[in-house]
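Following: one structure in structure tokens, then a few remarks.
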Amino acid sequence: MKGFYQSITVYGQVIAVDPPTKTFVIKCRSGDELAIQVCPTAFFDVLRNLDNLSTDRVPEPDGPRPEGELEQKIQKYVREKDHLVVMGVQVENEGNTLIEAKEIWLMHAQPGRYAFEETHWWINQIALMTDQWLDDLFDSRRSYQADDFGKFYRTNLNINGMPTNDTIQECATLSRLIYGLSAAYLLTGSERYLLAAKSGVAYQREAFRTLTHDGEKCLWAYGRQQCVDGSKLVVPSQFADDRDTIPLYEQIYAIDGLSLYYRITQDWEVLEDIRRTINAFLTFYHDGPGNQDKGYPGLGGFFSHLDYITMRPDVPALKGNRSRKNWNSVGDHIPAYLVNLLLALDPLPKIHEGHKFSDMREKCRKILDETSSLIVEKFPEDGCNYVNERFLVDFTPDHAWGWQQNRAIVGHNLKIAWNLTRVAFYYDRQARLEVGERQKKAAAQAKRCKDLARAIGSKMAEYGLDMIRGGCFDAVERKPTQGFPIQFSWGSTKEFWQQEQGILAYLILHGADPANHTWLELARECQMFWTRFFLDRDRQGIFFRTTESGSPVIAGSYSQKSGHATGYHEFELNYLAHLYSRAFLTFDGYGSNEFCLYFKIAENCVQESVNVMPDFFPPDLLRIKTVRVNGVEREDLRPNSPDDFQIPLHDLKSGIETEVSVTFERQ
């Protein structure tokens, strides 16, 4: 090419550096070795968190210094074996190529370390994000009521956190924000976050809940439209893909926040709404034997949409969503609520007489068994690097649906790898507890989940992640043409929620297989891209989308701080990346494997114990180090067995909120 110039981002390891010539060589994960010329105006820095505070504490190098200020900076900041982000300009002209560095970013001030693996990194990020979100919605309030959410909560906020002309309050998006507030409380113990979560829960239950005539099933309205003369309840979805239907994924995410809030509080009223919502899933959406009397074929899984009049999944009014199943209707049960409910209910809490949790635990176990088995059996396709995501009623892949056709979403593949590994840890633990055939079944399911998770993780490293810049791509063709490994459906952009899936997938794969160092390298690569490019440090938020090189896209709906799918993924990332980093990484003396979670047991708690396991982890990895009740260490409440994560509550005062903080450590 002649006279071709473009911005370029490169991530890799420095393999050679020559300060006198102002050059160095960086090796990318692709194997490419790129010569970098440092320009006279180059900027050097260390990765910063959301607070945008400088972390540049790079020591001055020992030994003789070269002449020239730029040469000295190169000697100081460009160190062999370090990983760097280089941002610059690539020039091509009649066969000559040059990459000129304009910005050089280190991963940490100390060689071999990574800023995002510091003990405080993700806690700081979630606190800053949560504070700003609450300030944007509620101004200076520090205590909250359900009325505050009724008056001020908005699904859509512009990039500065201000209300837009769209005054809709989406139920599922509110629930996702409740998840974020609950996650922030779990990590920090900040009362403000829990008060906001509690008020959000109260408003969600009051404003969006609909119970069936028998009181045993619960469905949630899509949203409320705020008008000058009050608010209007909107029952069917108004989202483009699901308009005028009741999509299952919105119902699933309506209990996403409730489930994590329940883990903190053990509030039985919240659990009752979750129970009734799951009953609705099984009654209206489940294609199981129990619904064959309705004419459902009984082939397993869950239908993706219901008609809001007939409450059936198979009527012509549903058009392209008629009798369909998809990733969201099958797989999203696991991360949205099943993991947190099983963490809370398995093992069964000790309870006062008259309250039973065993039926609900059994329903959750069966849904987990069925959905994880379907993902393993139905989603992969021989000869294709990506899973199928949409299906006809009999799980024949549907390659004619809407915008998806025969396309893959990289983040969905990574989400499957992440969640199947979580599920595998659960079955590993079950295999430890069971005997006979049940033990064999649990062990076999754990292996199947791990095998597919690893296979997907390996494929996405080559066919979903950017091997030059880091980060993961968005929508791609499942069967690329023209002989290239990746073919983009629309553009080579990167979405915020898919970066989360990549980070969590590769962190947990590392936890499952620590001997394979590639998983950790991939996790760090994804964390680098998130940290450097997706944090909106000017407004303590995140960008929804970037270009392949990391420049934020802020046009159209991407110019918002909050929208249909936010208030969740970034908080979930902060929460679980902190847990996974502390639990899975080895710090060689410079970090800590300890971490603390906070619970606030509600006044109406009917249990005599609380399960505090942070997430599904491998057996023999973690143990409880200390338990504190209202700030007082209670040695008598710490379980005797390292594998026991159930804290007794029998002697705590009833009718009073009680804070229980638990510190965990590696065994």
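Identifiers for the structure tokens are assigned positionally: chains receive A, B, ... in sequence, residues are indexed from 1 per chain, and ligands are indexed from 1 in the order shown.
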Discussion item. For the strand (DSSP E) assignment from backbone DSSP, which residues of segment 94-198 of chain A qualify? Please present them as a PyMOL selection string.
Written reply: chain A and resi 96-106+157-158+168-170
Item to complete: Among the residues of segment 189-334 of chain A, find those DSSP assigns to alpha helix (DSSP H) from the backbone and print them as a PyMOL selection string.
Response: chain A and resi 191-208+248-254+256-265+268-280+327-331+333
For those residues, write C-alpha atoms to a file as a PDB file, in the first residue's frame.
```
ATOM      1  CA  GLU A 191     -24.358   0.132  54.352  1.00  0.00           C
ATOM      2  CA  ARG A 192     -25.283   2.551  51.571  1.00  0.00           C
ATOM      3  CA  TYR A 193     -25.180  -0.187  48.968  1.00  0.00           C
ATOM      4  CA  LEU A 194     -27.331  -2.571  50.991  1.00  0.00           C
ATOM      5  CA  LEU A 195     -29.895   0.118  51.795  1.00  0.00           C
ATOM      6  CA  ALA A 196     -30.184   0.873  48.092  1.00  0.00           C
ATOM      7  CA  ALA A 197     -30.471  -2.821  47.216  1.00  0.00           C
ATOM      8  CA  LYS A 198     -33.142  -3.352  49.868  1.00  0.00           C
ATOM      9  CA  SER A 199     -35.212  -0.427  48.585  1.00  0.00           C
ATOM     10  CA  GLY A 200     -34.771  -1.588  45.003  1.00  0.00           C
ATOM     11  CA  VAL A 201     -36.035  -5.041  45.976  1.00  0.00           C
ATOM     12  CA  ALA A 202     -39.055  -3.531  47.715  1.00  0.00           C
ATOM     13  CA  TYR A 203     -39.874  -1.400  44.670  1.00  0.00           C
ATOM     14  CA  GLN A 204     -39.429  -4.276  42.224  1.00  0.00           C
ATOM     15  CA  ARG A 205     -41.759  -6.511  44.233  1.00  0.00           C
ATOM     16  CA  GLU A 206     -44.374  -3.798  44.624  1.00  0.00           C
ATOM     17  CA  ALA A 207     -44.265  -2.323  41.121  1.00  0.00           C
ATOM     18  CA  PHE A 208     -43.715  -5.253  38.725  1.00  0.00           C
ATOM     19  CA  LEU A 248     -38.031 -16.061  29.350  1.00  0.00           C
ATOM     20  CA  TYR A 249     -34.682 -14.323  29.673  1.00  0.00           C
ATOM     21  CA  GLU A 250     -36.378 -11.196  31.037  1.00  0.00           C
ATOM     22  CA  GLN A 251     -38.150 -13.338  33.638  1.00  0.00           C
ATOM     23  CA  ILE A 252     -34.867 -15.073  34.464  1.00  0.00           C
ATOM     24  CA  TYR A 253     -33.063 -11.789  35.023  1.00  0.00           C
ATOM     25  CA  ALA A 254     -35.970 -10.439  37.062  1.00  0.00           C
ATOM     26  CA  ASP A 256     -31.071 -12.240  39.207  1.00  0.00           C
ATOM     27  CA  GLY A 257     -30.758  -9.428  41.742  1.00  0.00           C
ATOM     28  CA  LEU A 258     -33.240 -11.012  44.130  1.00  0.00           C
ATOM     29  CA  SER A 259     -31.140 -14.187  44.310  1.00  0.00           C
ATOM     30  CA  LEU A 260     -27.890 -12.437  45.260  1.00  0.00           C
ATOM     31  CA  TYR A 261     -29.758 -10.169  47.692  1.00  0.00           C
ATOM     32  CA  TYR A 262     -31.249 -13.269  49.300  1.00  0.00           C
ATOM     33  CA  ARG A 263     -27.783 -14.721  49.825  1.00  0.00           C
ATOM     34  CA  ILE A 264     -26.863 -11.639  51.840  1.00  0.00           C
ATOM     35  CA  THR A 265     -30.041 -11.326  53.894  1.00  0.00           C
ATOM     36  CA  TRP A 268     -37.718 -15.399  53.316  1.00  0.00           C
ATOM     37  CA  GLU A 269     -40.185 -13.053  51.558  1.00  0.00           C
ATOM     38  CA  VAL A 270     -37.684 -12.508  48.750  1.00  0.00           C
ATOM     39  CA  LEU A 271     -37.034 -16.237  48.552  1.00  0.00           C
ATOM     40  CA  GLU A 272     -40.769 -16.811  48.268  1.00  0.00           C
ATOM     41  CA  ASP A 273     -40.966 -14.600  45.171  1.00  0.00           C
ATOM     42  CA  ILE A 274     -37.998 -16.450  43.680  1.00  0.00           C
ATOM     43  CA  ARG A 275     -39.716 -19.774  44.384  1.00  0.00           C
ATOM     44  CA  ARG A 276     -42.933 -18.656  42.712  1.00  0.00           C
ATOM     45  CA  THR A 277     -41.024 -17.325  39.695  1.00  0.00           C
ATOM     46  CA  ILE A 278     -39.263 -20.664  39.227  1.00  0.00           C
ATOM     47  CA  ASN A 279     -42.683 -22.319  39.447  1.00  0.00           C
ATOM     48  CA  ALA A 280     -43.743 -20.089  36.536  1.00  0.00           C
ATOM     49  CA  TRP A 327     -29.003 -19.935  24.664  1.00  0.00           C
ATOM     50  CA  ASN A 328     -30.800 -17.453  26.885  1.00  0.00           C
ATOM     51  CA  SER A 329     -33.761 -19.726  27.621  1.00  0.00           C
ATOM     52  CA  VAL A 330     -31.548 -22.714  28.430  1.00  0.00           C
ATOM     53  CA  GLY A 331     -28.195 -21.400  29.614  1.00  0.00           C
ATOM     54  CA  HIS A 333     -30.640 -19.945  34.313  1.00  0.00           C
TER      55      HIS A 333
END
```
Worksheet item: Out of A:Arg224, A:His305, A:His120, A:Lys22, which residue has the shortest atom-to-atom distance to Cys171 of chain A when counting only C-alpha atoms?
Response: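 Smallest separation from Cys171 of chain A among the options: A:Arg224.
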Discussion item. Considering only C-alpha atoms, can you say which of A:Glu67, A:Asp359, A:Asp293, A:Glu477 comes closest to His399 of chain A?
Written reply: A:Glu477
Discussion item. Report, in Å with one decimal, the straight-line distance from atom CA of Leu374 of chain A to atom CA of Arg243 of chain A.
Written reply: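 Between atom CA of Leu374 of chain A and atom CA of Arg243 of chain A the gap is 26.9 Å.
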Fill in: Nearby residues (only C-alpha atoms) at most 6 Å from segment 596-611 of chain A, same-chain spacing under 6 positions excluded, as a list in words
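That gives Leu186, Leu187, Gly189, Ile264, Thr265, Gln266, Asp267, Ala344, Pro349, Lys350, Ile351, Phe645, Gln646, Ile647, Pro648, Leu649, His650, Gly655, Ile656, Glu657, Thr658, Glu659, Val660, Ser661, Val662 and Thr663 of chain A.
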For the selection you just gave me, I'd like the residues written to a file as an mmCIF file, in the first residue's frame, keeping N, CA and C atoms.
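This went into again26.cif:
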```
data_model
loop_
_atom_site.group_PDB
_atom_site.id
_atom_site.type_symbol
_atom_site.label_atom_id
_atom_site.label_comp_id
_atom_site.auth_asym_id
_atom_site.auth_seq_id
_atom_site.Cartn_x
_atom_site.Cartn_y
_atom_site.Cartn_z
ATOM 1 N N LEU A 186 -21.429 -7.080 49.269
ATOM 2 C CA LEU A 186 -20.698 -8.295 49.642
ATOM 3 C C LEU A 186 -19.200 -8.038 49.738
ATOM 4 N N LEU A 187 -18.659 -7.225 48.825
ATOM 5 C CA LEU A 187 -17.220 -6.976 48.830
ATOM 6 C C LEU A 187 -16.800 -5.908 49.825
ATOM 7 N N GLY A 189 -19.081 -4.231 52.410
ATOM 8 C CA GLY A 189 -19.816 -4.048 53.651
ATOM 9 C C GLY A 189 -20.398 -2.657 53.813
ATOM 10 N N ILE A 264 -27.365 -12.549 50.810
ATOM 11 C CA ILE A 264 -26.863 -11.639 51.840
ATOM 12 C C ILE A 264 -27.760 -11.635 53.056
ATOM 13 N N THR A 265 -29.089 -11.628 52.826
ATOM 14 C CA THR A 265 -30.041 -11.326 53.894
ATOM 15 C C THR A 265 -30.802 -12.524 54.436
ATOM 16 N N GLN A 266 -30.942 -13.588 53.643
ATOM 17 C CA GLN A 266 -31.790 -14.724 54.006
ATOM 18 C C GLN A 266 -33.237 -14.276 54.240
ATOM 19 N N ASP A 267 -33.663 -13.262 53.502
ATOM 20 C CA ASP A 267 -35.018 -12.721 53.632
ATOM 21 C C ASP A 267 -36.010 -13.697 53.009
ATOM 22 N N ALA A 344 -26.856 -20.859 48.364
ATOM 23 C CA ALA A 344 -27.620 -20.532 49.568
ATOM 24 C C ALA A 344 -28.337 -21.742 50.160
ATOM 25 N N PRO A 349 -30.073 -25.217 54.671
ATOM 26 C CA PRO A 349 -29.914 -24.462 55.920
ATOM 27 C C PRO A 349 -30.654 -25.148 57.056
ATOM 28 N N LYS A 350 -30.115 -24.977 58.236
ATOM 29 C CA LYS A 350 -30.841 -25.425 59.425
ATOM 30 C C LYS A 350 -31.970 -24.432 59.658
ATOM 31 N N ILE A 351 -33.162 -24.945 59.968
ATOM 32 C CA ILE A 351 -34.341 -24.093 59.970
ATOM 33 C C ILE A 351 -35.187 -24.326 61.206
ATOM 34 N N PHE A 645 -18.935 -24.660 54.936
ATOM 35 C CA PHE A 645 -19.115 -23.219 54.757
ATOM 36 C C PHE A 645 -20.480 -22.765 55.284
ATOM 37 N N GLN A 646 -20.967 -23.459 56.298
ATOM 38 C CA GLN A 646 -22.261 -23.131 56.901
ATOM 39 C C GLN A 646 -22.030 -22.548 58.293
ATOM 40 N N ILE A 647 -22.516 -21.308 58.496
ATOM 41 C CA ILE A 647 -22.331 -20.591 59.755
ATOM 42 C C ILE A 647 -23.613 -20.686 60.575
ATOM 43 N N PRO A 648 -23.568 -21.151 61.821
ATOM 44 C CA PRO A 648 -24.789 -21.218 62.645
ATOM 45 C C PRO A 648 -25.256 -19.828 63.055
ATOM 46 N N LEU A 649 -26.570 -19.671 63.108
ATOM 47 C CA LEU A 649 -27.175 -18.404 63.515
ATOM 48 C C LEU A 649 -28.076 -18.577 64.732
ATOM 49 N N HIS A 650 -28.037 -19.729 65.358
ATOM 50 C CA HIS A 650 -29.066 -20.078 66.345
ATOM 51 C C HIS A 650 -29.093 -19.167 67.563
ATOM 52 N N GLY A 655 -35.362 -10.744 65.072
ATOM 53 C CA GLY A 655 -35.997 -9.449 64.913
ATOM 54 C C GLY A 655 -35.032 -8.295 64.766
ATOM 55 N N ILE A 656 -33.731 -8.574 64.673
ATOM 56 C CA ILE A 656 -32.719 -7.523 64.537
ATOM 57 C C ILE A 656 -31.783 -7.902 63.392
ATOM 58 N N GLU A 657 -31.490 -6.937 62.524
ATOM 59 C CA GLU A 657 -30.503 -7.190 61.480
ATOM 60 C C GLU A 657 -29.148 -7.475 62.108
ATOM 61 N N THR A 658 -28.448 -8.462 61.566
ATOM 62 C CA THR A 658 -27.159 -8.864 62.119
ATOM 63 C C THR A 658 -26.133 -8.932 61.007
ATOM 64 N N GLU A 659 -24.998 -8.234 61.185
ATOM 65 C CA GLU A 659 -23.931 -8.302 60.204
ATOM 66 C C GLU A 659 -23.014 -9.469 60.524
ATOM 67 N N VAL A 660 -22.779 -10.296 59.513
ATOM 68 C CA VAL A 660 -21.842 -11.411 59.625
ATOM 69 C C VAL A 660 -20.790 -11.218 58.541
ATOM 70 N N SER A 661 -19.546 -11.051 58.934
ATOM 71 C CA SER A 661 -18.459 -10.928 57.962
ATOM 72 C C SER A 661 -17.572 -12.156 58.071
ATOM 73 N N VAL A 662 -17.177 -12.674 56.921
ATOM 74 C CA VAL A 662 -16.430 -13.934 56.859
ATOM 75 C C VAL A 662 -15.167 -13.711 56.036
ATOM 76 N N THR A 663 -14.029 -14.090 56.606
ATOM 77 C CA THR A 663 -12.754 -14.024 55.891
ATOM 78 C C THR A 663 -12.371 -15.424 55.433
#
```
Discussion item. Could you list, as a ChimeraX atom specification, every residue within 6 Å of Gly88 of chain A, counting only C-alpha atoms and ignoring same-chain residues fewer than 5 positions away?
Written reply: /A:7-8,100-102
